[in-house]
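Chemist: Here you go, final_35.txt (compact mmCIF, N, CA and C atoms):
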# COMPACT_ATOMS: atom_id res chain seq x y z
N MET A 1 69.87 -74.93 -102.17
CA MET A 1 68.62 -74.38 -102.59
C MET A 1 68.09 -75.21 -103.74
N THR A 2 66.81 -75.57 -103.67
CA THR A 2 66.16 -76.38 -104.69
C THR A 2 65.13 -75.53 -105.43
N SER A 3 65.14 -75.64 -106.73
CA SER A 3 64.14 -74.89 -107.52
C SER A 3 63.22 -75.87 -108.22
N TYR A 4 61.99 -75.49 -108.33
CA TYR A 4 60.97 -76.31 -108.99
C TYR A 4 60.37 -75.51 -110.14
N LYS A 5 60.13 -76.22 -111.20
CA LYS A 5 59.46 -75.59 -112.34
C LYS A 5 58.01 -76.05 -112.35
N ALA A 6 57.13 -75.10 -112.46
CA ALA A 6 55.70 -75.43 -112.52
C ALA A 6 55.27 -75.54 -113.97
N LYS A 7 54.46 -76.54 -114.24
CA LYS A 7 53.93 -76.71 -115.59
C LYS A 7 52.51 -76.16 -115.62
N ALA A 8 52.22 -75.47 -116.68
CA ALA A 8 50.87 -74.94 -116.86
C ALA A 8 50.10 -75.88 -117.78
N TYR A 9 48.92 -76.24 -117.37
CA TYR A 9 48.05 -77.08 -118.18
C TYR A 9 46.86 -76.26 -118.65
N THR A 10 46.56 -76.43 -119.89
CA THR A 10 45.42 -75.73 -120.45
C THR A 10 44.31 -76.74 -120.72
N LEU A 11 43.17 -76.45 -120.19
CA LEU A 11 42.01 -77.31 -120.41
C LEU A 11 41.20 -76.71 -121.55
N SER A 12 41.12 -77.46 -122.62
CA SER A 12 40.35 -76.94 -123.75
C SER A 12 39.00 -77.66 -123.82
N ILE A 13 38.01 -76.88 -124.07
CA ILE A 13 36.66 -77.41 -124.20
C ILE A 13 36.37 -77.51 -125.68
N LYS A 14 36.05 -78.72 -126.13
CA LYS A 14 35.82 -78.92 -127.54
C LYS A 14 34.36 -78.68 -127.88
N ALA A 15 34.17 -78.21 -129.09
CA ALA A 15 32.82 -78.01 -129.59
C ALA A 15 32.14 -79.37 -129.74
N ALA A 16 30.90 -79.43 -129.36
CA ALA A 16 30.12 -80.66 -129.47
C ALA A 16 28.93 -80.41 -130.39
N PRO A 17 28.47 -81.45 -131.06
CA PRO A 17 27.30 -81.26 -131.93
C PRO A 17 26.02 -81.08 -131.11
N ILE A 18 25.25 -80.09 -131.49
CA ILE A 18 23.95 -79.84 -130.88
C ILE A 18 22.93 -79.97 -132.00
N SER A 19 21.86 -80.69 -131.75
CA SER A 19 20.83 -80.85 -132.77
C SER A 19 19.47 -80.59 -132.16
N GLY A 20 18.49 -80.41 -133.00
CA GLY A 20 17.15 -80.18 -132.52
C GLY A 20 16.20 -79.88 -133.67
N THR A 21 15.01 -79.48 -133.30
CA THR A 21 13.96 -79.15 -134.26
C THR A 21 13.40 -77.78 -133.92
N VAL A 22 13.13 -76.99 -134.94
CA VAL A 22 12.55 -75.66 -134.75
C VAL A 22 11.10 -75.72 -135.22
N THR A 23 10.18 -75.30 -134.35
CA THR A 23 8.75 -75.31 -134.67
C THR A 23 8.16 -73.93 -134.45
N ASP A 24 6.93 -73.75 -134.93
CA ASP A 24 6.22 -72.50 -134.69
C ASP A 24 5.25 -72.67 -133.52
N GLU A 25 4.40 -71.68 -133.31
CA GLU A 25 3.48 -71.71 -132.16
C GLU A 25 2.44 -72.82 -132.28
N ARG A 26 2.25 -73.37 -133.48
CA ARG A 26 1.28 -74.47 -133.68
C ARG A 26 1.98 -75.82 -133.78
N ASN A 27 3.24 -75.86 -133.39
CA ASN A 27 4.08 -77.07 -133.44
C ASN A 27 4.31 -77.58 -134.85
N GLN A 28 4.24 -76.69 -135.84
CA GLN A 28 4.58 -77.03 -137.21
C GLN A 28 6.07 -76.78 -137.39
N THR A 29 6.78 -77.69 -138.04
CA THR A 29 8.21 -77.50 -138.24
C THR A 29 8.46 -76.35 -139.20
N LEU A 30 9.57 -75.66 -139.00
CA LEU A 30 9.92 -74.50 -139.82
C LEU A 30 11.20 -74.77 -140.61
N PRO A 31 11.09 -75.01 -141.91
CA PRO A 31 12.30 -75.15 -142.73
C PRO A 31 12.89 -73.79 -143.05
N GLY A 32 14.22 -73.73 -143.16
CA GLY A 32 14.89 -72.50 -143.55
C GLY A 32 15.19 -71.52 -142.43
N VAL A 33 15.03 -71.94 -141.18
CA VAL A 33 15.37 -71.07 -140.05
C VAL A 33 16.89 -70.97 -139.95
N THR A 34 17.40 -69.76 -139.76
CA THR A 34 18.84 -69.57 -139.60
C THR A 34 19.22 -69.86 -138.16
N VAL A 35 20.18 -70.77 -137.99
CA VAL A 35 20.72 -71.11 -136.66
C VAL A 35 22.20 -70.77 -136.72
N ARG A 36 22.63 -69.83 -135.86
CA ARG A 36 24.04 -69.46 -135.89
C ARG A 36 24.58 -69.33 -134.47
N VAL A 37 25.89 -69.44 -134.37
CA VAL A 37 26.57 -69.26 -133.09
C VAL A 37 26.82 -67.76 -132.95
N LYS A 38 26.35 -67.19 -131.84
CA LYS A 38 26.46 -65.75 -131.62
C LYS A 38 27.92 -65.32 -131.61
N ASN A 39 28.20 -64.16 -132.20
CA ASN A 39 29.53 -63.57 -132.30
C ASN A 39 30.50 -64.45 -133.08
N SER A 40 29.99 -65.18 -134.07
CA SER A 40 30.85 -65.96 -134.95
C SER A 40 30.23 -65.98 -136.34
N THR A 41 30.96 -66.54 -137.27
CA THR A 41 30.44 -66.65 -138.63
C THR A 41 29.84 -68.02 -138.89
N GLN A 42 29.83 -68.87 -137.89
CA GLN A 42 29.33 -70.23 -138.05
C GLN A 42 27.80 -70.24 -137.98
N GLY A 43 27.19 -70.85 -138.98
CA GLY A 43 25.74 -70.93 -139.00
C GLY A 43 25.24 -71.89 -140.05
N ILE A 44 24.00 -72.31 -139.90
CA ILE A 44 23.35 -73.23 -140.83
C ILE A 44 21.87 -72.87 -140.91
N THR A 45 21.14 -73.57 -141.75
CA THR A 45 19.69 -73.41 -141.80
C THR A 45 19.03 -74.76 -141.55
N THR A 46 17.81 -74.72 -141.03
CA THR A 46 17.10 -75.96 -140.78
C THR A 46 16.69 -76.60 -142.10
N ASP A 47 16.59 -77.93 -142.09
CA ASP A 47 16.21 -78.65 -143.30
C ASP A 47 14.70 -78.60 -143.52
N ALA A 48 14.21 -79.37 -144.47
CA ALA A 48 12.78 -79.36 -144.82
C ALA A 48 11.89 -79.80 -143.66
N ASN A 49 12.45 -80.53 -142.70
CA ASN A 49 11.69 -81.00 -141.54
C ASN A 49 11.94 -80.14 -140.30
N GLY A 50 12.60 -79.00 -140.46
CA GLY A 50 12.87 -78.11 -139.34
C GLY A 50 14.00 -78.57 -138.44
N LYS A 51 14.77 -79.56 -138.88
CA LYS A 51 15.85 -80.11 -138.05
C LYS A 51 17.19 -79.46 -138.39
N TYR A 52 18.07 -79.40 -137.40
CA TYR A 52 19.39 -78.82 -137.59
C TYR A 52 20.40 -79.57 -136.74
N THR A 53 21.67 -79.47 -137.11
CA THR A 53 22.80 -79.94 -136.31
C THR A 53 23.93 -78.96 -136.52
N ILE A 54 24.49 -78.47 -135.41
CA ILE A 54 25.57 -77.49 -135.47
C ILE A 54 26.54 -77.80 -134.33
N SER A 55 27.81 -77.55 -134.55
CA SER A 55 28.82 -77.73 -133.51
C SER A 55 29.06 -76.42 -132.80
N ALA A 56 29.07 -76.47 -131.47
CA ALA A 56 29.28 -75.25 -130.68
C ALA A 56 29.89 -75.61 -129.34
N ASP A 57 30.64 -74.65 -128.79
CA ASP A 57 31.22 -74.81 -127.46
C ASP A 57 30.11 -74.75 -126.41
N PRO A 58 30.32 -75.37 -125.25
CA PRO A 58 29.30 -75.34 -124.20
C PRO A 58 28.96 -73.94 -123.69
N ASP A 59 29.89 -72.99 -123.84
CA ASP A 59 29.62 -71.63 -123.37
C ASP A 59 29.05 -70.74 -124.48
N ALA A 60 28.76 -71.32 -125.63
CA ALA A 60 28.24 -70.55 -126.77
C ALA A 60 26.74 -70.30 -126.62
N ILE A 61 26.26 -69.35 -127.41
CA ILE A 61 24.83 -69.03 -127.47
C ILE A 61 24.39 -69.21 -128.91
N LEU A 62 23.30 -69.96 -129.11
CA LEU A 62 22.75 -70.15 -130.45
C LEU A 62 21.65 -69.12 -130.70
N VAL A 63 21.66 -68.52 -131.88
CA VAL A 63 20.68 -67.51 -132.28
C VAL A 63 19.80 -68.12 -133.37
N PHE A 64 18.49 -68.11 -133.16
CA PHE A 64 17.52 -68.66 -134.10
C PHE A 64 16.73 -67.50 -134.69
N SER A 65 16.74 -67.36 -136.03
CA SER A 65 16.01 -66.26 -136.65
C SER A 65 15.31 -66.73 -137.92
N PHE A 66 14.13 -66.13 -138.16
CA PHE A 66 13.32 -66.47 -139.33
C PHE A 66 12.41 -65.29 -139.61
N ILE A 67 12.19 -64.98 -140.87
CA ILE A 67 11.37 -63.83 -141.24
C ILE A 67 9.96 -64.00 -140.69
N GLY A 68 9.48 -62.96 -140.01
CA GLY A 68 8.13 -62.98 -139.46
C GLY A 68 8.05 -63.54 -138.05
N TYR A 69 9.20 -63.98 -137.50
CA TYR A 69 9.23 -64.56 -136.15
C TYR A 69 10.22 -63.80 -135.28
N ILE A 70 10.01 -63.84 -133.98
CA ILE A 70 10.89 -63.18 -133.03
C ILE A 70 12.19 -63.96 -132.94
N THR A 71 13.33 -63.26 -133.09
CA THR A 71 14.65 -63.90 -132.96
C THR A 71 14.85 -64.32 -131.52
N GLN A 72 15.35 -65.55 -131.34
CA GLN A 72 15.58 -66.07 -129.99
C GLN A 72 17.03 -66.48 -129.82
N GLU A 73 17.54 -66.33 -128.59
CA GLU A 73 18.89 -66.76 -128.24
C GLU A 73 18.79 -67.80 -127.14
N HIS A 74 19.53 -68.91 -127.30
CA HIS A 74 19.51 -69.98 -126.31
C HIS A 74 20.95 -70.40 -125.99
N PRO A 75 21.33 -70.42 -124.71
CA PRO A 75 22.67 -70.90 -124.35
C PRO A 75 22.78 -72.40 -124.58
N VAL A 76 23.95 -72.83 -125.02
CA VAL A 76 24.17 -74.24 -125.30
C VAL A 76 24.30 -75.05 -124.01
N SER A 77 25.09 -74.56 -123.04
CA SER A 77 25.39 -75.26 -121.79
C SER A 77 25.88 -76.66 -122.11
N ASN A 78 25.29 -77.67 -121.52
CA ASN A 78 25.67 -79.05 -121.79
C ASN A 78 24.63 -79.76 -122.64
N SER A 79 23.86 -78.99 -123.38
CA SER A 79 22.78 -79.56 -124.19
C SER A 79 23.32 -80.36 -125.36
N VAL A 80 22.65 -81.45 -125.64
CA VAL A 80 22.92 -82.24 -126.83
C VAL A 80 21.77 -82.04 -127.81
N VAL A 81 20.56 -81.90 -127.25
CA VAL A 81 19.37 -81.63 -128.04
C VAL A 81 18.77 -80.31 -127.56
N LEU A 82 18.51 -79.42 -128.50
CA LEU A 82 17.93 -78.12 -128.17
C LEU A 82 16.80 -77.84 -129.15
N ASN A 83 15.56 -78.11 -128.71
CA ASN A 83 14.38 -77.84 -129.53
C ASN A 83 13.89 -76.44 -129.23
N VAL A 84 13.49 -75.71 -130.27
CA VAL A 84 13.11 -74.31 -130.13
C VAL A 84 11.75 -74.08 -130.76
N LYS A 85 10.92 -73.28 -130.08
CA LYS A 85 9.62 -72.87 -130.61
C LYS A 85 9.67 -71.37 -130.86
N LEU A 86 9.59 -70.98 -132.14
CA LEU A 86 9.61 -69.57 -132.48
C LEU A 86 8.20 -69.00 -132.45
N LEU A 87 8.09 -67.78 -131.97
CA LEU A 87 6.80 -67.11 -131.88
C LEU A 87 6.72 -66.01 -132.93
N PRO A 88 5.56 -65.83 -133.55
CA PRO A 88 5.43 -64.81 -134.60
C PRO A 88 5.54 -63.41 -134.03
N GLN A 89 6.05 -62.50 -134.85
CA GLN A 89 6.10 -61.09 -134.47
C GLN A 89 4.69 -60.53 -134.57
N ALA A 90 4.28 -59.79 -133.58
CA ALA A 90 2.92 -59.24 -133.55
C ALA A 90 2.66 -58.31 -134.72
N ASN A 91 3.66 -57.52 -135.11
CA ASN A 91 3.45 -56.56 -136.18
C ASN A 91 3.46 -57.19 -137.57
N MET A 92 3.82 -58.45 -137.69
CA MET A 92 3.87 -59.12 -138.98
C MET A 92 2.56 -59.82 -139.33
N GLN A 93 1.64 -59.94 -138.40
CA GLN A 93 0.42 -60.69 -138.64
C GLN A 93 -0.47 -60.06 -139.70
N ASN A 94 -0.50 -58.74 -139.80
CA ASN A 94 -1.40 -58.08 -140.72
C ASN A 94 -0.72 -57.57 -141.98
N GLU A 95 0.57 -57.85 -142.14
CA GLU A 95 1.27 -57.36 -143.31
C GLU A 95 1.08 -58.31 -144.47
N VAL A 96 1.02 -57.75 -145.65
CA VAL A 96 0.87 -58.53 -146.87
C VAL A 96 2.11 -58.33 -147.71
N VAL A 97 2.66 -59.41 -148.22
CA VAL A 97 3.82 -59.33 -149.09
C VAL A 97 3.35 -59.56 -150.51
N ALA A 98 3.61 -58.61 -151.39
CA ALA A 98 3.24 -58.75 -152.79
C ALA A 98 4.50 -58.99 -153.60
N ILE A 99 4.48 -60.02 -154.39
CA ILE A 99 5.62 -60.35 -155.23
C ILE A 99 5.18 -60.20 -156.67
N GLY A 100 5.94 -59.48 -157.47
CA GLY A 100 5.57 -59.27 -158.86
C GLY A 100 6.79 -58.94 -159.68
N TYR A 101 6.55 -58.49 -160.86
CA TYR A 101 7.63 -58.14 -161.77
C TYR A 101 7.78 -56.63 -161.82
N GLN A 102 8.94 -56.19 -162.23
CA GLN A 102 9.17 -54.76 -162.30
C GLN A 102 8.38 -54.14 -163.45
N THR A 103 8.15 -52.87 -163.37
CA THR A 103 7.45 -52.15 -164.42
C THR A 103 8.45 -51.69 -165.47
N ILE A 104 8.17 -52.04 -166.70
CA ILE A 104 9.05 -51.61 -167.79
C ILE A 104 8.19 -51.09 -168.94
N ARG A 105 8.81 -50.31 -169.82
CA ARG A 105 8.10 -49.79 -170.99
C ARG A 105 7.91 -50.90 -172.01
N LYS A 106 6.83 -50.82 -172.77
CA LYS A 106 6.58 -51.81 -173.81
C LYS A 106 7.71 -51.85 -174.83
N SER A 107 8.31 -50.72 -175.09
CA SER A 107 9.39 -50.66 -176.08
C SER A 107 10.64 -51.41 -175.62
N ASP A 108 10.77 -51.64 -174.33
CA ASP A 108 11.94 -52.34 -173.80
C ASP A 108 11.75 -53.85 -173.75
N VAL A 109 10.56 -54.33 -174.03
CA VAL A 109 10.29 -55.77 -173.97
C VAL A 109 10.82 -56.44 -175.23
N THR A 110 11.55 -57.54 -175.05
CA THR A 110 12.11 -58.24 -176.21
C THR A 110 11.17 -59.33 -176.71
N GLY A 111 10.17 -59.71 -175.94
CA GLY A 111 9.21 -60.73 -176.35
C GLY A 111 7.94 -60.09 -176.85
N SER A 112 6.89 -60.85 -176.91
CA SER A 112 5.61 -60.30 -177.37
C SER A 112 4.71 -60.01 -176.16
N ILE A 113 3.80 -59.09 -176.36
CA ILE A 113 2.85 -58.73 -175.32
C ILE A 113 1.45 -58.97 -175.87
N ALA A 114 0.64 -59.60 -175.10
CA ALA A 114 -0.76 -59.82 -175.49
C ALA A 114 -1.63 -59.51 -174.30
N SER A 115 -2.85 -59.11 -174.56
CA SER A 115 -3.77 -58.85 -173.45
C SER A 115 -5.09 -59.55 -173.73
N VAL A 116 -5.74 -59.95 -172.67
CA VAL A 116 -7.02 -60.63 -172.75
C VAL A 116 -7.97 -59.91 -171.80
N LYS A 117 -9.11 -59.53 -172.30
CA LYS A 117 -10.11 -58.88 -171.45
C LYS A 117 -10.77 -59.93 -170.57
N SER A 118 -11.16 -59.55 -169.39
CA SER A 118 -11.81 -60.49 -168.48
C SER A 118 -13.12 -61.01 -169.05
N SER A 119 -13.76 -60.21 -169.87
CA SER A 119 -15.03 -60.66 -170.47
C SER A 119 -14.80 -61.77 -171.50
N ASP A 120 -13.55 -61.89 -172.02
CA ASP A 120 -13.22 -62.94 -172.98
C ASP A 120 -12.85 -64.26 -172.32
N LEU A 121 -12.64 -64.26 -171.02
CA LEU A 121 -12.23 -65.48 -170.32
C LEU A 121 -13.42 -66.38 -170.04
N ASN A 122 -13.15 -67.66 -170.03
CA ASN A 122 -14.15 -68.65 -169.65
C ASN A 122 -14.17 -68.71 -168.13
N LEU A 123 -15.13 -68.10 -167.50
CA LEU A 123 -15.17 -68.00 -166.04
C LEU A 123 -15.52 -69.31 -165.36
N PHE A 124 -15.94 -70.30 -166.14
CA PHE A 124 -16.30 -71.59 -165.56
C PHE A 124 -15.16 -72.60 -165.63
N ALA A 125 -14.01 -72.19 -166.15
CA ALA A 125 -12.85 -73.06 -166.22
C ALA A 125 -12.27 -73.24 -164.82
N PRO A 126 -11.80 -74.45 -164.49
CA PRO A 126 -11.28 -74.69 -163.13
C PRO A 126 -9.94 -74.01 -162.85
N THR A 127 -9.16 -73.71 -163.88
CA THR A 127 -7.86 -73.06 -163.66
C THR A 127 -7.71 -71.87 -164.59
N LEU A 128 -6.81 -70.98 -164.24
CA LEU A 128 -6.55 -69.82 -165.08
C LEU A 128 -5.98 -70.25 -166.42
N GLY A 129 -5.13 -71.26 -166.42
CA GLY A 129 -4.56 -71.76 -167.66
C GLY A 129 -5.63 -72.24 -168.62
N GLN A 130 -6.62 -72.96 -168.11
CA GLN A 130 -7.71 -73.44 -168.95
C GLN A 130 -8.59 -72.28 -169.41
N ALA A 131 -8.74 -71.25 -168.60
CA ALA A 131 -9.53 -70.10 -168.99
C ALA A 131 -8.85 -69.33 -170.12
N LEU A 132 -7.50 -69.35 -170.16
CA LEU A 132 -6.75 -68.65 -171.20
C LEU A 132 -6.59 -69.47 -172.48
N ALA A 133 -6.89 -70.74 -172.44
CA ALA A 133 -6.68 -71.64 -173.58
C ALA A 133 -7.39 -71.10 -174.82
N GLY A 134 -6.62 -70.95 -175.91
CA GLY A 134 -7.18 -70.51 -177.18
C GLY A 134 -7.45 -69.01 -177.26
N LYS A 135 -7.12 -68.25 -176.29
CA LYS A 135 -7.40 -66.80 -176.29
C LYS A 135 -6.24 -65.98 -176.82
N VAL A 136 -4.98 -66.48 -176.72
CA VAL A 136 -3.81 -65.74 -177.16
C VAL A 136 -3.03 -66.62 -178.12
N ALA A 137 -2.72 -66.10 -179.29
CA ALA A 137 -1.98 -66.86 -180.31
C ALA A 137 -0.56 -67.20 -179.81
N GLY A 138 -0.16 -68.44 -180.01
CA GLY A 138 1.19 -68.88 -179.67
C GLY A 138 1.38 -69.28 -178.23
N VAL A 139 0.35 -69.19 -177.41
CA VAL A 139 0.46 -69.55 -176.00
C VAL A 139 -0.08 -70.95 -175.81
N GLN A 140 0.73 -71.80 -175.24
CA GLN A 140 0.29 -73.17 -174.94
C GLN A 140 0.23 -73.31 -173.42
N VAL A 141 -0.90 -73.80 -172.96
CA VAL A 141 -1.11 -73.95 -171.52
C VAL A 141 -1.24 -75.41 -171.17
Show how you would write the structure in this file as C-alpha cells.

Modeler:
Amino acid sequence: MTSYKAKAYTLSIKAAPISGTVTDERNQTLPGVTVRVKNSTQGITTDANGKYTISADPDAILVFSFIGYITQEHPVSNSVVLNVKLLPQANMQNEVVAIGYQTIRKSDVTGSIASVKSSDLNLFAPTLGQALAGKVAGVQV
C-alpha cells in the first residue's frame, strides 16, 4: 500500500497601490477628501490637488467622503487608477455655516474690550482694517 501526502498551497493576493484624483461636479479638484478602505482602519486624505494614493487588496472597496458631498463606494478590482467625481448633497445647498467665537461675560475676558460705532467708521475705506485705523487705542492694523 502506497500513501501520498498532499500539500496545500495558499495563494495570497497582495495589496497594490491605487491612485487617482477626486473632483466635484464642475471638475474642480477636492482637497481633504477622506479615502478609506471599507471595514478597515486604513485611510488617507487627498492632497491640495485632489490626488491620493492608497494600498488596497483587489477585493477591497474604497469609500470616498467629504462634508457636503454624497459618500461614494467604489470596488478596487484590478484598478490602478481610480478617479472619482463626488456629487453635492441636495440638502446641503441651502445651508449656511456660521463660524464665530463663544459668548462669554465681559468680566471673564482677560484682555481689553473696545467698541466702535458704525457711524464712526470710514465707509470709503477699501478694507475693514483701514476703516478701523485710528479708531481704537492700542490697535495696529

Chemist: Go ahead and compute the interatomic distance for atom C of Val80 in chain A and atom C of Gly68 in chain A, in Å to one decimal.

Modeler: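 These atoms are spaced 25.2 Å apart.
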
Chemist: Counting only N, CA and C atoms, find the residues whose atoms lie at most 7 Å from (14.8, -69.1, -131.5) (file coordinates) and write them out as a list in words.

Modeler: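 Within 7 Å of (14.8, -69.1, -131.5), the protein and nucleic acid residues are Leu62, Val63, Phe64, Ser65, Ile70, Thr71, Gln72, Glu73, His74, Val84, Lys85, Leu86 and Leu87 of chain A.
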
Chemist: Would you save the residues from that selection as a tab-separated table (two decimals), keeping the file's coordinate frame, using N, CA and C atoms?

Modeler:
chain	number	residue	atom	x	y	z
A	62	LEU	N	23.30	-69.96	-129.11
A	62	LEU	CA	22.75	-70.15	-130.45
A	62	LEU	C	21.65	-69.12	-130.70
A	63	VAL	N	21.66	-68.52	-131.88
A	63	VAL	CA	20.68	-67.51	-132.28
A	63	VAL	C	19.80	-68.12	-133.37
A	64	PHE	N	18.49	-68.11	-133.16
A	64	PHE	CA	17.52	-68.66	-134.10
A	64	PHE	C	16.73	-67.50	-134.69
A	65	SER	N	16.74	-67.36	-136.03
A	65	SER	CA	16.01	-66.26	-136.65
A	65	SER	C	15.31	-66.73	-137.92
A	70	ILE	N	10.01	-63.84	-133.98
A	70	ILE	CA	10.89	-63.18	-133.03
A	70	ILE	C	12.19	-63.96	-132.94
A	71	THR	N	13.33	-63.26	-133.09
A	71	THR	CA	14.65	-63.90	-132.96
A	71	THR	C	14.85	-64.32	-131.52
A	72	GLN	N	15.35	-65.55	-131.34
A	72	GLN	CA	15.58	-66.07	-129.99
A	72	GLN	C	17.03	-66.48	-129.82
A	73	GLU	N	17.54	-66.33	-128.59
A	73	GLU	CA	18.89	-66.76	-128.24
A	73	GLU	C	18.79	-67.80	-127.14
A	74	HIS	N	19.53	-68.91	-127.30
A	74	HIS	CA	19.51	-69.98	-126.31
A	74	HIS	C	20.95	-70.40	-125.99
A	84	VAL	N	13.49	-75.71	-130.27
A	84	VAL	CA	13.11	-74.31	-130.13
A	84	VAL	C	11.75	-74.08	-130.76
A	85	LYS	N	10.92	-73.28	-130.08
A	85	LYS	CA	9.62	-72.87	-130.61
A	85	LYS	C	9.67	-71.37	-130.86
A	86	LEU	N	9.59	-70.98	-132.14
A	86	LEU	CA	9.61	-69.57	-132.48
A	86	LEU	C	8.20	-69.00	-132.45
A	87	LEU	N	8.09	-67.78	-131.97
A	87	LEU	CA	6.80	-67.11	-131.88
A	87	LEU	C	6.72	-66.01	-132.93

Chemist: Atom N of Gln89 in chain A and CA of Thr45 in chain A are how many Å apart?

Modeler: 18.8 Å

Chemist: One number please: atom C of Pro88 in chain A to atom C of Ile61 in chain A, in Å, one decimal.

Modeler: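 These atoms are spaced 20.4 Å apart.
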
Chemist: Which one is closest to Val81 in chain A: A:Ala48, A:Ile18, A:Leu128, A:Ala60? Count only C-alpha atoms.

Modeler: A:Ile18

Chemist: May I have the residues within 6 Å of Gly50 in chain A as a list in words, using only C-alpha atoms and disregarding those fewer than 3 positions away in the same chain?

Modeler: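 Non-adjacent residues within range: Thr21, Val22, Thr29, Leu30, Pro31, Thr46 and Asp47 of chain A.
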